[in-house]
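Worksheet: the structure to be examined is printed underneath.
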Number of protein chains: 2
Amino acid sequence: MGGNEDAGKRAAAKRAVAEVQDGMLLGLGTGTTATFVIDELGRRVREEGLKVTGVPSSVRTAEQARAAGIPLIELTGVPPLDLTIDGADEVDPHGDLIKGGGGALLREKLVAVASREVLIVCDDRKRRPFLGAFPLPVVVVPFGWSSTRHRLERFGRPVSLRTKDGVPFVTDDGLYILDVAFGRIDDPATLEREIRGIVGVVEVGLFIGLAHRVLYGFPDGRVEEWARGGG
Amino acid sequence: MGGNEDAGKRAAAKRAVAEVQDGMLLGLGTGTTATFVIDELGRRVREEGLKVTGVPSSVRTAEQARAAGIPLIELTGVPPLDLTIDGADEVDPHGDLIKGGGGALLREKLVAVASREVLIVCDDRKRRPFLGAFPLPVVVVPFGWSSTRHRLERFGRPVSLRTKDGVPFVTDDGLYILDVAFGRIDDPATLEREIRGIVGVVEVGLFIGLAHRVLYGFPDGRVEEWARGGG
């Protein structure tokens with residue numbers, strides 16, 4: 001954590017925003033790296049007169065983007081978004097992700113699947129040989145949430161209700177988050193399907209096959225790019 | 001609709017409630033047939049001193065049950081419910097259902113999957129050779145709902161947002177409902193899995209393999225029973 005990690009995030013964010021062109025409809029992620037993206041995007045809007053429209057993936061991102069002078073619209077999916085730029089909590093060698101540490105994974109996924117291209121920006125230290133060291137966030141309906149947790153516990157891993165100030169953390173959509181400590185996930189696509197099949201589950205923080213490219217930032221300002229299908 | 005259909009629903013509801021025993025933890029459905037169930041259950045609690053605890057599947061059912069003198073608790077799933085009694089909009093020859101005309105399908109399914117036994121009560125006219133004449137309710141997240149509708153339209157069938165008094169109908173869980181006019185569903189289990197796989201979808205009104213028994217009521221008071229696995 002701290003300054004060095006921020007430097008890597010900032011470098012990747014700056015590189016991503018450099019790709020944004022006039023007229024784009026842009027999905028805006030949530031979290032610390034997304035904050036750097038919005039900072040830089042706002043700078044280009046104000047200083048360079050860049051014309052873009054943003055679709056925010058959280059109330060928090062909407063507030064930051066509005067303050068930065070970025071025009072916003074709601075997600076409708078038609079027309080599709082040109083590009084979504086977002087962060088991640090973990091990225092594996094296949095470009096698959098765990099997201100949701102910030103609690104916005106449902107809206108982030110809704111924005112991502114409505115986009116022609118998804119560009120992930122993160123510090124190089126988010127790169128992992130496999131997913132699962134980061135607890136997997138699962139968005140659930142508050143009604144009967146402990147019943148849903150009971151069904152999630154059948155995977156044999158610890159499941160905890162995310163809290164904030166001693167009460168359940170509530171997402172922008174009025175939902176709860178259960179964090180599942182898998183440790184190591186060998187088959188993320190199958191796991192995603194199995195968890196999404198549980199009644200009471202709304203979304204899972206596994207983003208499989210959704211990222212087209214990943215920009216890894218380093219503390220010294222270097223950026224490495226990974227692209228789906230080689231490159 | 002009207003008196004004759006009510007007579008069939010009432011007959012099935014009375015037969016179902018006759019099975020309830022002292023000490024049971026009972027899932028309570030929602031809708032017109034469930035209303036008759038709660039009426040009769042309340043009568044047994046007041047007149048016969050029946051001791052049960054109910055787990056309501058909607059705010060509306062909770063209000064009716066409370067007024068009828070039935071003690072209630074919230075759904076936790078532990079211990080499992082002994083029995084859930086609920087209605088249905090359509091029932092096919094395999095005991096698979098479409099539910100959700102009343103908008104409570106998410107909580108109804110959460111209660112059903114937390115139950116050891118699910119008993120469906122309905123008028124005989126809800127019996128169908130196949131599912132789908134009744135529009136299939138799909139519960140979705142309000143954020144980006146038209147984007148989710150767009151993805152649902154890939155099935156090639158008309159999709160409409162359920163409204164009430166000219167504004168979107170909002171479920172007890174703060175969600176929207178999209179009704180999909182399939183007409184005829186040939187493979188409900190596959191369709192359920194495909195629709196549940198769409199980002200933004202929370203639940204589908206297909207109840208596959210969940211009903212253990214179905215009681216069909218007739219206007220003349222007769223009741224026919226269907227049981228999973230013969231009988």
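Ordering of the structure tokens sets the chain letters (A, B, ...); residue numbers start at 1 within each chain; ligands are numbered from 1 in the order shown.
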Interface, chain A side, toward chain B (10 Å; only C-alpha atoms) as an MDAnalysis selection string:
chainID A and resid 57:58 74:80 106:107 109:114 140:151 172:175 192:193 196:204
Any idea what's packed within 6 Å of Ala12 (chain A), counting only C-alpha atoms, ignoring anything in its chain fewer than 2 positions away? Could you give it as an MDAnalysis selection string?
chainID A and resid 9:10 14:15 121 215 217 223
For CA of Gly31 (chain B) and CA of Pro56 (chain B), quote the distance in Å rounded to one decimal.
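Between these atoms lies a distance of 11.7 Å.
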Find the spatial neighbours of Asp220 (chain A), counting only C-alpha atoms, within a cut-off of 12 Å - ignore same-chain residues fewer than 6 positions away - and output them as a list in words.
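In the requested form, the answer reads Gly3, Asn4, Glu5, Asp6, Ala7, Gly8, Lys9, Arg10, Ala11, Ala12, Asp123 and Asp124 of chain A.
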Emit the selected residues as a PDB file, in the first residue's frame, including all heavy atoms.
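This is the output file result.pdb:
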```
ATOM      1  N   GLY A   3       2.446   5.105  -1.044  1.00  0.00           N
ATOM      2  CA  GLY A   3       2.905   5.922  -2.153  1.00  0.00           C
ATOM      3  C   GLY A   3       3.351   5.143  -3.364  1.00  0.00           C
ATOM      4  O   GLY A   3       2.988   5.480  -4.494  1.00  0.00           O
ATOM      5  N   ASN A   4       4.128   4.080  -3.174  1.00  0.00           N
ATOM      6  CA  ASN A   4       4.647   3.336  -4.313  1.00  0.00           C
ATOM      7  C   ASN A   4       3.540   2.687  -5.121  1.00  0.00           C
ATOM      8  O   ASN A   4       3.572   2.701  -6.348  1.00  0.00           O
ATOM      9  CB  ASN A   4       5.623   2.252  -3.830  1.00  0.00           C
ATOM     10  CG  ASN A   4       7.027   2.811  -3.724  1.00  0.00           C
ATOM     11  OD1 ASN A   4       7.242   3.960  -4.124  1.00  0.00           O
ATOM     12  ND2 ASN A   4       7.944   2.031  -3.191  1.00  0.00           N
ATOM     13  N   GLU A   5       2.564   2.085  -4.408  1.00  0.00           N
ATOM     14  CA  GLU A   5       1.461   1.449  -5.116  1.00  0.00           C
ATOM     15  C   GLU A   5       0.665   2.505  -5.876  1.00  0.00           C
ATOM     16  O   GLU A   5       0.258   2.290  -7.006  1.00  0.00           O
ATOM     17  CB  GLU A   5       0.562   0.686  -4.138  1.00  0.00           C
ATOM     18  CG  GLU A   5      -0.532  -0.090  -4.842  1.00  0.00           C
ATOM     19  CD  GLU A   5      -1.118  -1.184  -3.964  1.00  0.00           C
ATOM     20  OE1 GLU A   5      -0.587  -1.449  -2.862  1.00  0.00           O
ATOM     21  OE2 GLU A   5      -2.112  -1.780  -4.391  1.00  0.00           O
ATOM     22  N   ASP A   6       0.464   3.668  -5.237  1.00  0.00           N
ATOM     23  CA  ASP A   6      -0.258   4.749  -5.899  1.00  0.00           C
ATOM     24  C   ASP A   6       0.465   5.187  -7.171  1.00  0.00           C
ATOM     25  O   ASP A   6      -0.169   5.490  -8.177  1.00  0.00           O
ATOM     26  CB  ASP A   6      -0.404   5.955  -4.959  1.00  0.00           C
ATOM     27  CG  ASP A   6      -1.541   5.749  -3.959  1.00  0.00           C
ATOM     28  OD1 ASP A   6      -2.205   4.691  -4.044  1.00  0.00           O
ATOM     29  OD2 ASP A   6      -1.749   6.635  -3.122  1.00  0.00           O
ATOM     30  N   ALA A   7       1.806   5.210  -7.145  1.00  0.00           N
ATOM     31  CA  ALA A   7       2.565   5.634  -8.323  1.00  0.00           C
ATOM     32  C   ALA A   7       2.289   4.700  -9.498  1.00  0.00           C
ATOM     33  O   ALA A   7       2.104   5.138 -10.633  1.00  0.00           O
ATOM     34  CB  ALA A   7       4.064   5.667  -8.003  1.00  0.00           C
ATOM     35  N   GLY A   8       2.250   3.393  -9.220  1.00  0.00           N
ATOM     36  CA  GLY A   8       1.952   2.419 -10.272  1.00  0.00           C
ATOM     37  C   GLY A   8       0.541   2.602 -10.817  1.00  0.00           C
ATOM     38  O   GLY A   8       0.314   2.561 -12.032  1.00  0.00           O
ATOM     39  N   LYS A   9      -0.409   2.795  -9.910  1.00  0.00           N
ATOM     40  CA  LYS A   9      -1.794   3.005 -10.335  1.00  0.00           C
ATOM     41  C   LYS A   9      -1.919   4.256 -11.203  1.00  0.00           C
ATOM     42  O   LYS A   9      -2.610   4.264 -12.221  1.00  0.00           O
ATOM     43  CB  LYS A   9      -2.701   3.170  -9.099  1.00  0.00           C
ATOM     44  CG  LYS A   9      -2.931   1.885  -8.306  1.00  0.00           C
ATOM     45  CD  LYS A   9      -3.769   2.161  -7.058  1.00  0.00           C
ATOM     46  CE  LYS A   9      -4.047   0.856  -6.305  1.00  0.00           C
ATOM     47  NZ  LYS A   9      -4.804   1.100  -5.060  1.00  0.00           N
ATOM     48  N   ARG A  10      -1.252   5.317 -10.756  1.00  0.00           N
ATOM     49  CA  ARG A  10      -1.312   6.590 -11.474  1.00  0.00           C
ATOM     50  C   ARG A  10      -0.739   6.464 -12.892  1.00  0.00           C
ATOM     51  O   ARG A  10      -1.307   6.994 -13.847  1.00  0.00           O
ATOM     52  CB  ARG A  10      -0.491   7.646 -10.722  1.00  0.00           C
ATOM     53  CG  ARG A  10      -1.302   8.713 -10.060  1.00  0.00           C
ATOM     54  CD  ARG A  10      -0.363   9.753  -9.432  1.00  0.00           C
ATOM     55  NE  ARG A  10      -0.529   9.839  -7.992  1.00  0.00           N
ATOM     56  CZ  ARG A  10      -1.485  10.562  -7.400  1.00  0.00           C
ATOM     57  NH1 ARG A  10      -2.345  11.241  -8.140  1.00  0.00           N
ATOM     58  NH2 ARG A  10      -1.592  10.604  -6.100  1.00  0.00           N
ATOM     59  N   ALA A  11       0.363   5.738 -13.000  1.00  0.00           N
ATOM     60  CA  ALA A  11       1.007   5.564 -14.305  1.00  0.00           C
ATOM     61  C   ALA A  11       0.060   4.827 -15.261  1.00  0.00           C
ATOM     62  O   ALA A  11      -0.122   5.234 -16.424  1.00  0.00           O
ATOM     63  CB  ALA A  11       2.319   4.783 -14.148  1.00  0.00           C
ATOM     64  N   ALA A  12      -0.560   3.750 -14.761  1.00  0.00           N
ATOM     65  CA  ALA A  12      -1.472   2.966 -15.603  1.00  0.00           C
ATOM     66  C   ALA A  12      -2.699   3.796 -15.965  1.00  0.00           C
ATOM     67  O   ALA A  12      -3.189   3.760 -17.109  1.00  0.00           O
ATOM     68  CB  ALA A  12      -1.879   1.682 -14.889  1.00  0.00           C
ATOM     69  N   ASP A 123      -2.080  -1.528 -10.360  1.00  0.00           N
ATOM     70  CA  ASP A 123      -0.697  -1.648  -9.945  1.00  0.00           C
ATOM     71  C   ASP A 123      -0.212  -3.053 -10.270  1.00  0.00           C
ATOM     72  O   ASP A 123      -0.975  -4.018 -10.187  1.00  0.00           O
ATOM     73  CB  ASP A 123      -0.629  -1.392  -8.428  1.00  0.00           C
ATOM     74  CG  ASP A 123       0.779  -1.495  -7.898  1.00  0.00           C
ATOM     75  OD1 ASP A 123       1.508  -0.495  -7.991  1.00  0.00           O
ATOM     76  OD2 ASP A 123       1.150  -2.585  -7.414  1.00  0.00           O
ATOM     77  N   ASP A 124       1.053  -3.177 -10.619  1.00  0.00           N
ATOM     78  CA  ASP A 124       1.613  -4.472 -11.009  1.00  0.00           C
ATOM     79  C   ASP A 124       1.450  -5.531  -9.922  1.00  0.00           C
ATOM     80  O   ASP A 124       1.386  -6.720 -10.210  1.00  0.00           O
ATOM     81  CB  ASP A 124       3.097  -4.306 -11.342  1.00  0.00           C
ATOM     82  CG  ASP A 124       3.724  -5.630 -11.701  1.00  0.00           C
ATOM     83  OD1 ASP A 124       3.275  -6.237 -12.695  1.00  0.00           O
ATOM     84  OD2 ASP A 124       4.631  -6.076 -10.978  1.00  0.00           O
TER      85      ASP A 124
END
```
Please, what distance in Å, to one decimal, runs between CA of Ala67 (chain A) and CA of Gly42 (chain A)?
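Answer for the CA of Ala67 (chain A) to CA of Gly42 (chain A) separation: 8.7 Å.
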Within region 4-197 of chain B, find each residue whose DSSP state, derived from the backbone, is helix (DSSP H, G or I), and express the selection as a VMD selection string.
chain B and resid 4 to 18 32 to 48 59 to 67 105 to 113 124 to 126 145 to 155 188 to 196
For the structure I just gave you, how does DSSP split region 170-202 of chain A - specifically, which residues are strand (DSSP E)? Reply as a PyMOL selection string.
chain A and resi 176-180+201-202
To one decimal in Å, tell me the separation between CA of Arg116 (chain A) and CA of Trp226 (chain A).
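So the answer is 17.3 Å.
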As a CSV table (one decimal) with all heavy atoms, in the first residue's frame, please: the residues near Val159 (chain A) (cut-off 8 Å, only C-alpha atoms, same-chain neighbours under 6 positions excluded).
```
chain,number,residue,atom,x,y,z
A,149,ARG,N,-26.2,-17.4,2.8
A,149,ARG,CA,-24.8,-17.7,3.3
A,149,ARG,C,-24.7,-19.2,3.6
A,149,ARG,O,-23.6,-19.8,3.3
A,149,ARG,CB,-24.5,-16.9,4.6
A,149,ARG,CG,-23.2,-17.3,5.2
A,149,ARG,CD,-22.7,-16.4,6.3
A,149,ARG,NE,-23.4,-16.6,7.5
A,149,ARG,CZ,-23.1,-16.0,8.6
A,149,ARG,NH1,-22.2,-15.1,8.7
A,149,ARG,NH2,-23.9,-16.2,9.7
A,152,LEU,N,-24.0,-20.9,0.5
A,152,LEU,CA,-22.6,-20.6,0.0
A,152,LEU,C,-21.6,-21.4,0.8
A,152,LEU,O,-20.5,-21.7,0.3
A,152,LEU,CB,-22.3,-19.1,0.2
A,152,LEU,CG,-22.5,-18.2,-1.0
A,152,LEU,CD1,-22.3,-16.7,-0.6
A,152,LEU,CD2,-21.5,-18.5,-2.1
A,153,GLU,N,-21.9,-21.7,2.1
A,153,GLU,CA,-20.9,-22.4,2.9
A,153,GLU,C,-20.7,-23.8,2.4
A,153,GLU,O,-19.8,-24.5,2.9
A,153,GLU,CB,-21.4,-22.4,4.4
A,153,GLU,CG,-21.1,-21.0,5.0
A,153,GLU,CD,-21.7,-20.8,6.4
A,153,GLU,OE1,-22.6,-21.6,6.7
A,153,GLU,OE2,-21.3,-19.8,7.1
A,178,LEU,N,-21.3,-10.8,0.7
A,178,LEU,CA,-20.7,-11.9,1.5
A,178,LEU,C,-19.3,-12.1,0.9
A,178,LEU,O,-19.2,-12.2,-0.4
A,178,LEU,CB,-21.5,-13.2,1.4
A,178,LEU,CG,-22.9,-13.1,2.0
A,178,LEU,CD1,-23.7,-14.4,1.7
A,178,LEU,CD2,-22.9,-12.8,3.5
A,179,ASP,N,-18.3,-12.1,1.7
A,179,ASP,CA,-16.9,-12.3,1.2
A,179,ASP,C,-16.5,-13.8,1.5
A,179,ASP,O,-16.6,-14.2,2.6
A,179,ASP,CB,-15.9,-11.4,1.9
A,179,ASP,CG,-16.1,-9.9,1.4
A,179,ASP,OD1,-16.0,-9.7,0.2
A,179,ASP,OD2,-16.5,-9.0,2.2
A,180,VAL,N,-16.1,-14.5,0.5
A,180,VAL,CA,-15.8,-15.9,0.6
A,180,VAL,C,-14.3,-16.1,0.4
A,180,VAL,O,-13.7,-15.8,-0.6
A,180,VAL,CB,-16.5,-16.8,-0.4
A,180,VAL,CG1,-16.3,-18.3,-0.1
A,180,VAL,CG2,-18.0,-16.4,-0.5
A,181,ALA,N,-13.6,-16.7,1.5
A,181,ALA,CA,-12.2,-16.8,1.5
A,181,ALA,C,-11.8,-18.1,0.8
A,181,ALA,O,-11.6,-19.2,1.5
A,181,ALA,CB,-11.7,-16.8,2.9
```
Closest to Leu72 (chain A) among A:Val139, A:Ala104, A:Ala34, A:Leu26, using only C-alpha atoms?
A:Leu26
Which one is closest to Asp96 (chain B): B:Val138, B:Ala13, B:Leu131, B:Ile70? Count only C-alpha atoms.
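Closest to Asp96 (chain B), using only C-alpha atoms: B:Leu131.
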Using only C-alpha atoms, which of the listed residues (A:Gly205, A:Gly87, A:Gly29, A:Pro158) sits closest to Cys122 (chain A)?
A:Gly87
